[in-house]
Structure formats: C-alpha cells, structure tokens
$ cat model.txt   # compact mmCIF, C-alpha atoms and all ligand atoms
# COMPACT_ATOMS: atom_id res chain seq x y z
CA MET A 1 -54.97 23.94 -11.29
CA LEU A 2 -53.53 23.56 -14.80
CA SER A 3 -50.28 22.12 -13.51
CA GLY A 4 -52.20 19.91 -11.05
CA ARG A 5 -54.24 18.50 -13.91
CA GLU A 6 -51.07 17.75 -15.92
CA ARG A 7 -49.48 16.12 -12.87
CA LEU A 8 -52.50 13.83 -12.31
CA LEU A 9 -52.77 12.93 -16.01
CA ASN A 10 -49.06 12.09 -16.18
CA LYS A 11 -49.20 9.97 -13.02
CA ALA A 12 -52.31 8.16 -14.31
CA VAL A 13 -50.26 6.80 -17.23
CA SER A 14 -48.38 4.38 -15.01
CA CYS A 15 -51.44 3.16 -13.04
CA ASN A 16 -53.68 0.16 -13.65
CA HIS A 17 -56.48 1.14 -16.07
CA PRO A 18 -54.81 4.43 -17.11
CA LYS A 19 -57.51 5.24 -19.67
CA ARG A 20 -60.33 4.95 -17.15
CA LEU A 21 -58.41 7.07 -14.64
CA ARG A 22 -57.67 9.76 -17.24
CA ASN A 23 -61.38 9.83 -18.12
CA TRP A 24 -62.22 10.40 -14.45
CA ILE A 25 -59.64 13.20 -14.20
CA ASN A 26 -60.92 14.84 -17.39
CA ALA A 27 -64.55 14.58 -16.22
CA TYR A 28 -63.70 16.27 -12.94
CA TRP A 29 -61.77 18.90 -14.92
CA ARG A 30 -64.95 19.69 -16.88
CA TYR A 31 -66.74 20.14 -13.54
CA SER A 32 -63.97 22.50 -12.41
CA GLU A 33 -62.73 24.70 -15.23
CA PHE A 34 -65.71 27.05 -15.32
CA ILE A 35 -64.45 28.68 -12.12
CA PHE A 36 -62.00 30.55 -14.39
CA ARG A 37 -64.97 32.24 -16.07
CA ALA A 38 -66.96 32.95 -12.90
CA PRO A 39 -67.66 36.67 -12.38
CA VAL A 40 -67.01 36.19 -8.66
CA LEU A 41 -65.39 33.20 -6.97
CA PHE A 42 -65.59 32.55 -3.24
CA ALA A 43 -63.62 29.99 -1.26
CA GLY A 44 -65.33 28.58 1.82
CA GLY A 45 -63.53 27.00 4.75
CA THR A 46 -63.60 26.08 8.40
CA ILE A 47 -61.43 26.85 11.41
CA THR A 48 -60.94 24.05 13.92
CA PRO A 49 -62.10 25.43 17.28
CA GLU A 50 -59.66 25.15 20.16
CA GLY A 51 -62.09 24.97 23.06
CA SER A 52 -64.21 21.93 22.18
CA LEU A 53 -64.68 19.06 24.64
CA SER A 54 -62.95 16.62 22.29
CA SER A 55 -59.93 18.93 21.86
CA HIS A 56 -59.56 19.09 25.69
CA LEU A 57 -59.90 15.29 25.96
CA PHE A 58 -57.33 14.89 23.16
CA GLN A 59 -54.85 17.28 24.81
CA ALA A 60 -55.31 15.39 28.11
CA GLY A 61 -54.42 12.16 26.29
CA ILE A 62 -57.79 10.58 27.14
CA ILE A 63 -58.92 10.11 23.52
CA THR A 64 -57.29 10.05 20.11
CA ARG A 65 -58.19 12.81 17.64
CA ASP A 66 -61.96 12.67 17.10
CA LYS A 67 -63.01 12.45 13.45
CA ARG A 68 -66.41 13.87 14.42
CA ASP A 69 -64.74 17.28 14.97
CA ASP A 70 -64.58 17.52 11.18
CA THR A 71 -68.14 16.25 10.80
CA ASP A 72 -69.43 19.08 12.98
CA LEU A 73 -67.47 21.63 10.96
CA ASP A 74 -68.67 20.18 7.66
CA ILE A 75 -72.30 20.32 8.81
CA SER A 76 -71.75 23.92 9.93
CA ILE A 77 -70.27 25.03 6.61
CA GLY A 78 -73.05 23.20 4.75
CA LEU A 79 -75.66 25.15 6.70
CA ALA A 80 -73.79 28.43 6.15
CA LEU A 81 -73.56 27.68 2.41
CA GLN A 82 -77.27 26.99 2.22
CA GLY A 83 -77.96 30.43 3.71
CA PHE A 84 -75.44 32.01 1.31
CA LEU A 85 -76.95 30.29 -1.75
CA LEU A 86 -80.53 31.17 -0.78
CA LYS A 87 -79.61 34.81 -0.12
CA GLY A 88 -77.98 34.91 -3.58
CA ARG A 89 -81.15 33.50 -5.10
CA GLU A 90 -83.14 36.27 -3.39
CA PHE A 91 -80.88 38.81 -5.18
CA GLY A 92 -81.31 37.02 -8.54
CA LEU A 93 -77.82 35.50 -8.45
CA GLY A 94 -76.87 32.03 -9.64
CA THR A 95 -74.37 30.02 -7.57
CA CYS A 96 -72.61 26.68 -7.77
CA VAL A 97 -70.77 24.89 -4.98
CA LEU A 98 -67.62 23.10 -6.19
CA THR A 99 -65.17 20.76 -4.56
CA ALA A 100 -63.72 19.16 -7.73
CA PRO A 101 -61.14 21.97 -8.26
CA LEU A 102 -59.53 20.99 -4.94
CA ALA A 103 -58.40 17.73 -6.58
CA PHE A 104 -56.20 19.82 -8.92
CA ILE A 105 -54.72 22.20 -6.33
CA GLU A 106 -51.92 20.89 -4.18
CA ASP A 107 -51.85 23.33 -1.27
CA VAL A 108 -54.91 25.52 -1.46
CA GLY A 109 -54.23 27.14 1.94
CA SER A 110 -50.91 28.57 0.79
CA ILE A 111 -52.59 30.30 -2.19
CA PHE A 112 -54.99 32.17 0.05
CA GLY A 113 -52.47 32.63 2.86
CA THR A 114 -55.07 31.30 5.28
CA ARG A 115 -53.31 28.44 6.97
CA GLU A 116 -55.71 28.24 9.91
CA ILE A 117 -58.69 28.02 7.54
CA VAL A 118 -59.21 24.63 5.91
CA ILE A 119 -60.67 25.43 2.49
CA LYS A 120 -63.57 23.05 1.87
CA CYS A 121 -65.12 24.32 -1.34
CA PHE A 122 -65.50 27.08 -3.90
CA VAL A 123 -68.69 28.92 -4.81
CA THR A 124 -69.15 30.61 -8.18
CA VAL A 125 -71.50 33.59 -8.17
CA GLY A 126 -72.96 35.51 -11.09
CA PHE A 127 -76.17 36.46 -12.82
CA PRO A 128 -77.47 33.27 -14.46
CA ASP A 129 -77.84 32.92 -18.25
CA GLU A 130 -80.82 30.62 -17.87
CA SER A 131 -83.42 29.66 -15.31
CA PRO A 132 -84.07 25.93 -15.68
CA ALA A 133 -87.06 24.38 -13.98
CA GLY A 134 -86.19 22.72 -10.68
CA PRO A 135 -86.29 18.94 -10.43
CA GLU A 136 -89.51 17.39 -9.18
CA ARG A 137 -89.59 17.03 -5.40
CA MET A 138 -89.53 13.53 -3.97
CA PRO A 139 -92.57 12.64 -1.91
CA VAL A 140 -91.86 12.80 1.83
CA THR A 141 -92.79 9.12 2.15
CA ASP A 142 -89.78 8.23 -0.06
CA ILE A 143 -87.25 9.86 2.27
CA TYR A 144 -88.89 9.50 5.69
CA LEU A 145 -89.09 6.19 7.47
CA ARG A 146 -91.06 5.85 10.70
CA ILE A 147 -89.82 2.95 12.81
C1 LIG B 1 -70.37 19.06 -1.83
C2 LIG B 1 -70.68 19.36 -3.27
C3 LIG B 1 -69.64 19.50 -4.18
C4 LIG B 1 -69.90 19.79 -5.51
N1 LIG B 1 -68.86 19.96 -6.37
C5 LIG B 1 -69.13 20.27 -7.66
C6 LIG B 1 -68.07 20.52 -8.57
O1 LIG B 1 -66.91 20.45 -8.22
N2 LIG B 1 -68.40 20.87 -9.84
C7 LIG B 1 -69.70 20.96 -10.27
O2 LIG B 1 -69.93 21.28 -11.43
N3 LIG B 1 -70.72 20.73 -9.41
C8 LIG B 1 -70.47 20.41 -8.13
N4 LIG B 1 -71.48 20.20 -7.26
C9 LIG B 1 -72.87 20.29 -7.77
C10 LIG B 1 -73.40 21.70 -7.83
O3 LIG B 1 -72.98 22.48 -6.75
C11 LIG B 1 -74.93 21.68 -7.79
O4 LIG B 1 -75.36 21.19 -6.56
C12 LIG B 1 -75.46 20.80 -8.86
O5 LIG B 1 -75.06 21.32 -10.09
C13 LIG B 1 -76.98 20.69 -8.79
O6 LIG B 1 -77.51 21.94 -9.00
P1 LIG B 1 -78.98 22.09 -9.41
O7 LIG B 1 -79.76 21.51 -8.27
O8 LIG B 1 -79.16 23.56 -9.55
O9 LIG B 1 -79.11 21.32 -10.67
C14 LIG B 1 -71.24 19.93 -5.94
C15 LIG B 1 -72.29 19.81 -5.02
C16 LIG B 1 -72.01 19.54 -3.70
C17 LIG B 1 -73.17 19.44 -2.73

$ encode --input "model.txt" --output "structure tokens"
Amino acid sequence: MLSGRERLLNKAVSCNHPKRLRNWINAYWRYSEFIFRAPVLFAGGTITPEGSLSSHLFQAGIITRDKRDDTDLDISIGLALQGFLLKGREFGLGTCVLTAPLAFIEDVGSIFGTREIVIKCFVTVGFPDESPAGPERMPVTDIYLRI
C-alpha cells in the first residue's frame, strides 16, 4: 500500500490539476491507513460461479460477457457483509468496511494467493473505543415512492 501510494502521488504530478488529484489520493489514504492498526483485518471477495445461465450463454457464443454477473455477486457479498457486521455488533465488536485500500494495492489477489477469489473489500474488526449515537433514521416516505 505504501509503494502504491507513492506511485499514485508521483504519477499525479504530471496530470492536469495535480494538486487536486494529490488531495484526493491523500484523502483516500486517510480512509485506508487505519487498517494497519486494526486488531483483526478480514478481506472479503467473490468467486465467479461457472454454472450460471449467462456463463453458458457466453460459452455458447450467444451473448457477450454479462456485466450483471458481477452485480449479482456484489449484492451477495453486500448481504453477507451485513450479516457479518450485525453478528459482530451482537458480540460487542466494532467493524468498518473499506474499499479505499484497494486503490493503493496493485494485485491484491497475488498477496492472498487467492486468484479465483476477487477481493472486493476489507473489514476491520475490534472492540470499539467509543459508541457514538447512530444517525437519525430517514422517514420511510423520503425513500419510498409509490407509483
Ligand atoms: C462499499 C463501501 C466502502 C467503504 N470504504 C471505506 C473506506 O475505504 N474507508 C473508510 O474509512 N470507510 C469506508 N466506508 C464507510 C464505512 O464502512 C462506514 O460505512 C462508514 O464509516 C459509516 O459508518 P457509520 O454508519 O458507523 O458512521 C465504506 C462503506 C461502504 C459501504
């Protein structure tokens, strides 16, 4: 991650608006670096299933690769993460889902030796230092539209 950050910062120098880009990189670094201090760090990923309808249609040359394959996997990992985070909460653990560190790592699969698993995020886990009040819930009428 450290070398990835240096690489991005150096490349940003020769781009349009280098200062703005470096600020973006540094902001995402601040949202990433605390994984080094996490008591436990998980990586979460997905495996592309072989037997789906769209993979058969693709192999038969009937369709091009379907982007929705990834959507399904991303929804699945989101649901699994929600269960993971809530179970942690039940045990008094604090968690944080992160994707920003992936911007600083060139080939995350090779680090874990899990080529068939596409790493989608990290999750820090530990006992929380503080217990801030949750944000106020939006009223259902603000997020639900009946047509
Ligand atoms: C897909 C996704 C990626 C995220 N990536 C990061 C990240 O890289 N770094 C970070 O500090 N927070 C990240 N967050 C935000 C935290 O996981 C968390 O949702 C946010 O801090 C709000 O938590 P709170 O509701 O407890 O305040 C991400 C959230 C999501 C849903």

$ residues_near_ligand --input "model.txt" --ligand "ligand LIG 1 (chain B)" --cutoff "12 Å" --atoms "all atoms listed in the file" --output "NGL selection string"
:A and (25 or 27-35 or 44 or 74-75 or 77-79 or 81-82 or 85-86 or 89 or 94-104 or 120-125 or 128 or 130-137)

$ closest_residue --input "model.txt" --among "A:Leu93, A:Ser110, A:Arg5, A:Ser52" --to "Asn26 (chain A)" --atoms "only C-alpha atoms"
A:Arg5

$ atom_distance --input "model.txt" --atom1 "CA of Arg68 (chain A)" --atom2 "CA of Thr48 (chain A)"
11.6 Å

$ closest_residue --input "model.txt" --among "A:Glu116, A:Thr46, A:Leu57, A:Trp24" --to "Thr71 (chain A)" --atoms "all atoms listed in the file"
A:Thr46

$ decode --input "model.txt" --residues "region 18-139 of chain A" --atoms "C-alpha atoms" --output "PDB file, in the first residue's frame"
ATOM      1  CA  PRO A  18      -2.023  17.682  -9.886  1.00  0.00           C
ATOM      2  CA  LYS A  19      -2.773  19.380  -6.558  1.00  0.00           C
ATOM      3  CA  ARG A  20      -6.437  18.400  -6.618  1.00  0.00           C
ATOM      4  CA  LEU A  21      -5.549  14.825  -7.555  1.00  0.00           C
ATOM      5  CA  ARG A  22      -2.946  14.572  -4.787  1.00  0.00           C
ATOM      6  CA  ASN A  23      -5.560  15.828  -2.316  1.00  0.00           C
ATOM      7  CA  TRP A  24      -7.932  13.077  -3.449  1.00  0.00           C
ATOM      8  CA  ILE A  25      -5.199  10.446  -3.096  1.00  0.00           C
ATOM      9  CA  ASN A  26      -4.249  11.721   0.371  1.00  0.00           C
ATOM     10  CA  ALA A  27      -7.902  11.799   1.488  1.00  0.00           C
ATOM     11  CA  TYR A  28      -8.395   8.195   0.412  1.00  0.00           C
ATOM     12  CA  TRP A  29      -5.131   7.328   2.187  1.00  0.00           C
ATOM     13  CA  ARG A  30      -6.576   8.726   5.428  1.00  0.00           C
ATOM     14  CA  TYR A  31      -9.608   6.466   4.895  1.00  0.00           C
ATOM     15  CA  SER A  32      -7.263   3.499   4.387  1.00  0.00           C
ATOM     16  CA  GLU A  33      -4.262   3.648   6.689  1.00  0.00           C
ATOM     17  CA  PHE A  34      -6.079   2.619   9.867  1.00  0.00           C
ATOM     18  CA  ILE A  35      -6.212  -0.958   8.572  1.00  0.00           C
ATOM     19  CA  PHE A  36      -2.564  -1.185   9.725  1.00  0.00           C
ATOM     20  CA  ARG A  37      -3.751  -0.658  13.308  1.00  0.00           C
ATOM     21  CA  ALA A  38      -6.795  -2.949  13.141  1.00  0.00           C
ATOM     22  CA  PRO A  39      -6.669  -5.791  15.683  1.00  0.00           C
ATOM     23  CA  VAL A  40      -8.108  -8.122  13.039  1.00  0.00           C
ATOM     24  CA  LEU A  41      -8.380  -7.484   9.315  1.00  0.00           C
ATOM     25  CA  PHE A  42     -10.573  -9.533   7.002  1.00  0.00           C
ATOM     26  CA  ALA A  43     -10.590  -9.467   3.215  1.00  0.00           C
ATOM     27  CA  GLY A  44     -13.906 -10.251   1.537  1.00  0.00           C
ATOM     28  CA  GLY A  45     -14.281 -11.483  -2.018  1.00  0.00           C
ATOM     29  CA  THR A  46     -16.396 -13.329  -4.535  1.00  0.00           C
ATOM     30  CA  ILE A  47     -15.893 -16.336  -6.781  1.00  0.00           C
ATOM     31  CA  THR A  48     -17.468 -16.182 -10.224  1.00  0.00           C
ATOM     32  CA  PRO A  49     -19.740 -19.234 -10.495  1.00  0.00           C
ATOM     33  CA  GLU A  50     -19.229 -21.468 -13.506  1.00  0.00           C
ATOM     34  CA  GLY A  51     -22.728 -22.857 -13.888  1.00  0.00           C
ATOM     35  CA  SER A  52     -24.834 -19.715 -14.309  1.00  0.00           C
ATOM     36  CA  LEU A  53     -27.189 -19.286 -17.273  1.00  0.00           C
ATOM     37  CA  SER A  54     -25.219 -16.294 -18.542  1.00  0.00           C
ATOM     38  CA  SER A  55     -21.913 -18.203 -18.378  1.00  0.00           C
ATOM     39  CA  HIS A  56     -23.467 -21.000 -20.508  1.00  0.00           C
ATOM     40  CA  LEU A  57     -24.867 -18.447 -22.984  1.00  0.00           C
ATOM     41  CA  PHE A  58     -21.449 -16.738 -23.115  1.00  0.00           C
ATOM     42  CA  GLN A  59     -19.600 -20.022 -23.722  1.00  0.00           C
ATOM     43  CA  ALA A  60     -22.113 -20.859 -26.488  1.00  0.00           C
ATOM     44  CA  GLY A  61     -21.303 -17.519 -28.121  1.00  0.00           C
ATOM     45  CA  ILE A  62     -24.930 -16.347 -27.843  1.00  0.00           C
ATOM     46  CA  ILE A  63     -24.179 -13.326 -25.632  1.00  0.00           C
ATOM     47  CA  THR A  64     -21.151 -11.259 -24.709  1.00  0.00           C
ATOM     48  CA  ARG A  65     -19.947 -11.335 -21.094  1.00  0.00           C
ATOM     49  CA  ASP A  66     -22.833 -10.150 -18.909  1.00  0.00           C
ATOM     50  CA  LYS A  67     -21.952  -7.299 -16.552  1.00  0.00           C
ATOM     51  CA  ARG A  68     -24.878  -8.312 -14.339  1.00  0.00           C
ATOM     52  CA  ASP A  69     -22.885 -11.404 -13.259  1.00  0.00           C
ATOM     53  CA  ASP A  70     -20.808  -9.009 -11.161  1.00  0.00           C
ATOM     54  CA  THR A  71     -23.888  -7.180  -9.920  1.00  0.00           C
ATOM     55  CA  ASP A  72     -25.309 -10.411  -8.534  1.00  0.00           C
ATOM     56  CA  LEU A  73     -22.021 -11.207  -6.801  1.00  0.00           C
ATOM     57  CA  ASP A  74     -21.751  -7.700  -5.371  1.00  0.00           C
ATOM     58  CA  ILE A  75     -25.294  -7.890  -3.973  1.00  0.00           C
ATOM     59  CA  SER A  76     -24.461 -11.289  -2.480  1.00  0.00           C
ATOM     60  CA  ILE A  77     -21.292 -10.082  -0.759  1.00  0.00           C
ATOM     61  CA  GLY A  78     -23.145  -6.988   0.492  1.00  0.00           C
ATOM     62  CA  LEU A  79     -25.769  -9.199   2.118  1.00  0.00           C
ATOM     63  CA  ALA A  80     -23.107 -11.492   3.591  1.00  0.00           C
ATOM     64  CA  LEU A  81     -21.238  -8.452   4.972  1.00  0.00           C
ATOM     65  CA  GLN A  82     -24.391  -7.125   6.575  1.00  0.00           C
ATOM     66  CA  GLY A  83     -24.824 -10.434   8.417  1.00  0.00           C
ATOM     67  CA  PHE A  84     -21.135 -10.389   9.411  1.00  0.00           C
ATOM     68  CA  LEU A  85     -21.300  -6.793  10.708  1.00  0.00           C
ATOM     69  CA  LEU A  86     -24.517  -7.386  12.654  1.00  0.00           C
ATOM     70  CA  LYS A  87     -23.145 -10.584  14.219  1.00  0.00           C
ATOM     71  CA  GLY A  88     -20.047  -8.599  15.274  1.00  0.00           C
ATOM     72  CA  ARG A  89     -22.280  -5.960  16.825  1.00  0.00           C
ATOM     73  CA  GLU A  90     -24.060  -8.701  18.793  1.00  0.00           C
ATOM     74  CA  PHE A  91     -20.646  -9.695  20.239  1.00  0.00           C
ATOM     75  CA  GLY A  92     -19.789  -6.056  21.080  1.00  0.00           C
ATOM     76  CA  LEU A  93     -17.338  -5.711  18.178  1.00  0.00           C
ATOM     77  CA  GLY A  94     -16.855  -2.644  16.017  1.00  0.00           C
ATOM     78  CA  THR A  95     -16.339  -3.114  12.269  1.00  0.00           C
ATOM     79  CA  CYS A  96     -15.649  -0.970   9.239  1.00  0.00           C
ATOM     80  CA  VAL A  97     -15.976  -1.966   5.588  1.00  0.00           C
ATOM     81  CA  LEU A  98     -13.233  -0.476   3.395  1.00  0.00           C
ATOM     82  CA  THR A  99     -12.622  -0.412  -0.319  1.00  0.00           C
ATOM     83  CA  ALA A 100     -10.255   2.604  -0.452  1.00  0.00           C
ATOM     84  CA  PRO A 101      -7.128   0.491   0.330  1.00  0.00           C
ATOM     85  CA  LEU A 102      -7.702  -1.395  -2.934  1.00  0.00           C
ATOM     86  CA  ALA A 103      -6.796   1.804  -4.811  1.00  0.00           C
ATOM     87  CA  PHE A 104      -3.266   1.513  -3.350  1.00  0.00           C
ATOM     88  CA  ILE A 105      -2.713  -2.213  -3.932  1.00  0.00           C
ATOM     89  CA  GLU A 106      -1.809  -3.303  -7.425  1.00  0.00           C
ATOM     90  CA  ASP A 107      -2.570  -7.026  -7.394  1.00  0.00           C
ATOM     91  CA  VAL A 108      -4.440  -7.846  -4.230  1.00  0.00           C
ATOM     92  CA  GLY A 109      -5.150 -11.447  -5.335  1.00  0.00           C
ATOM     93  CA  SER A 110      -1.451 -12.301  -5.524  1.00  0.00           C
ATOM     94  CA  ILE A 111      -0.919 -11.154  -1.905  1.00  0.00           C
ATOM     95  CA  PHE A 112      -3.535 -13.545  -0.595  1.00  0.00           C
ATOM     96  CA  GLY A 113      -2.726 -16.278  -3.124  1.00  0.00           C
ATOM     97  CA  THR A 114      -6.429 -16.497  -3.922  1.00  0.00           C
ATOM     98  CA  ARG A 115      -6.556 -15.970  -7.641  1.00  0.00           C
ATOM     99  CA  GLU A 116     -10.060 -17.388  -8.078  1.00  0.00           C
ATOM    100  CA  ILE A 117     -11.403 -15.037  -5.387  1.00  0.00           C
ATOM    101  CA  VAL A 118     -11.894 -11.441  -6.484  1.00  0.00           C
ATOM    102  CA  ILE A 119     -11.193  -9.383  -3.363  1.00  0.00           C
ATOM    103  CA  LYS A 120     -13.905  -6.734  -3.076  1.00  0.00           C
ATOM    104  CA  CYS A 121     -13.256  -5.135   0.298  1.00  0.00           C
ATOM    105  CA  PHE A 122     -11.589  -5.250   3.687  1.00  0.00           C
ATOM    106  CA  VAL A 123     -13.301  -5.316   7.071  1.00  0.00           C
ATOM    107  CA  THR A 124     -11.564  -4.112  10.225  1.00  0.00           C
ATOM    108  CA  VAL A 125     -12.736  -5.769  13.431  1.00  0.00           C
ATOM    109  CA  GLY A 126     -12.003  -4.845  17.033  1.00  0.00           C
ATOM    110  CA  PHE A 127     -13.542  -3.716  20.279  1.00  0.00           C
ATOM    111  CA  PRO A 128     -14.634  -0.099  19.722  1.00  0.00           C
ATOM    112  CA  ASP A 129     -13.140   2.812  21.709  1.00  0.00           C
ATOM    113  CA  GLU A 130     -16.395   4.742  21.562  1.00  0.00           C
ATOM    114  CA  SER A 131     -20.073   4.167  20.930  1.00  0.00           C
ATOM    115  CA  PRO A 132     -21.384   7.162  19.004  1.00  0.00           C
ATOM    116  CA  ALA A 133     -25.115   7.666  18.645  1.00  0.00           C
ATOM    117  CA  GLY A 134     -26.463   6.410  15.328  1.00  0.00           C
ATOM    118  CA  PRO A 135     -27.654   8.918  12.749  1.00  0.00           C
ATOM    119  CA  GLU A 136     -31.340   9.769  12.764  1.00  0.00           C
ATOM    120  CA  ARG A 137     -33.380   7.454  10.551  1.00  0.00           C
ATOM    121  CA  MET A 138     -34.951   8.926   7.437  1.00  0.00           C
ATOM    122  CA  PRO A 139     -38.719   8.726   7.349  1.00  0.00           C
TER     123      PRO A 139
END
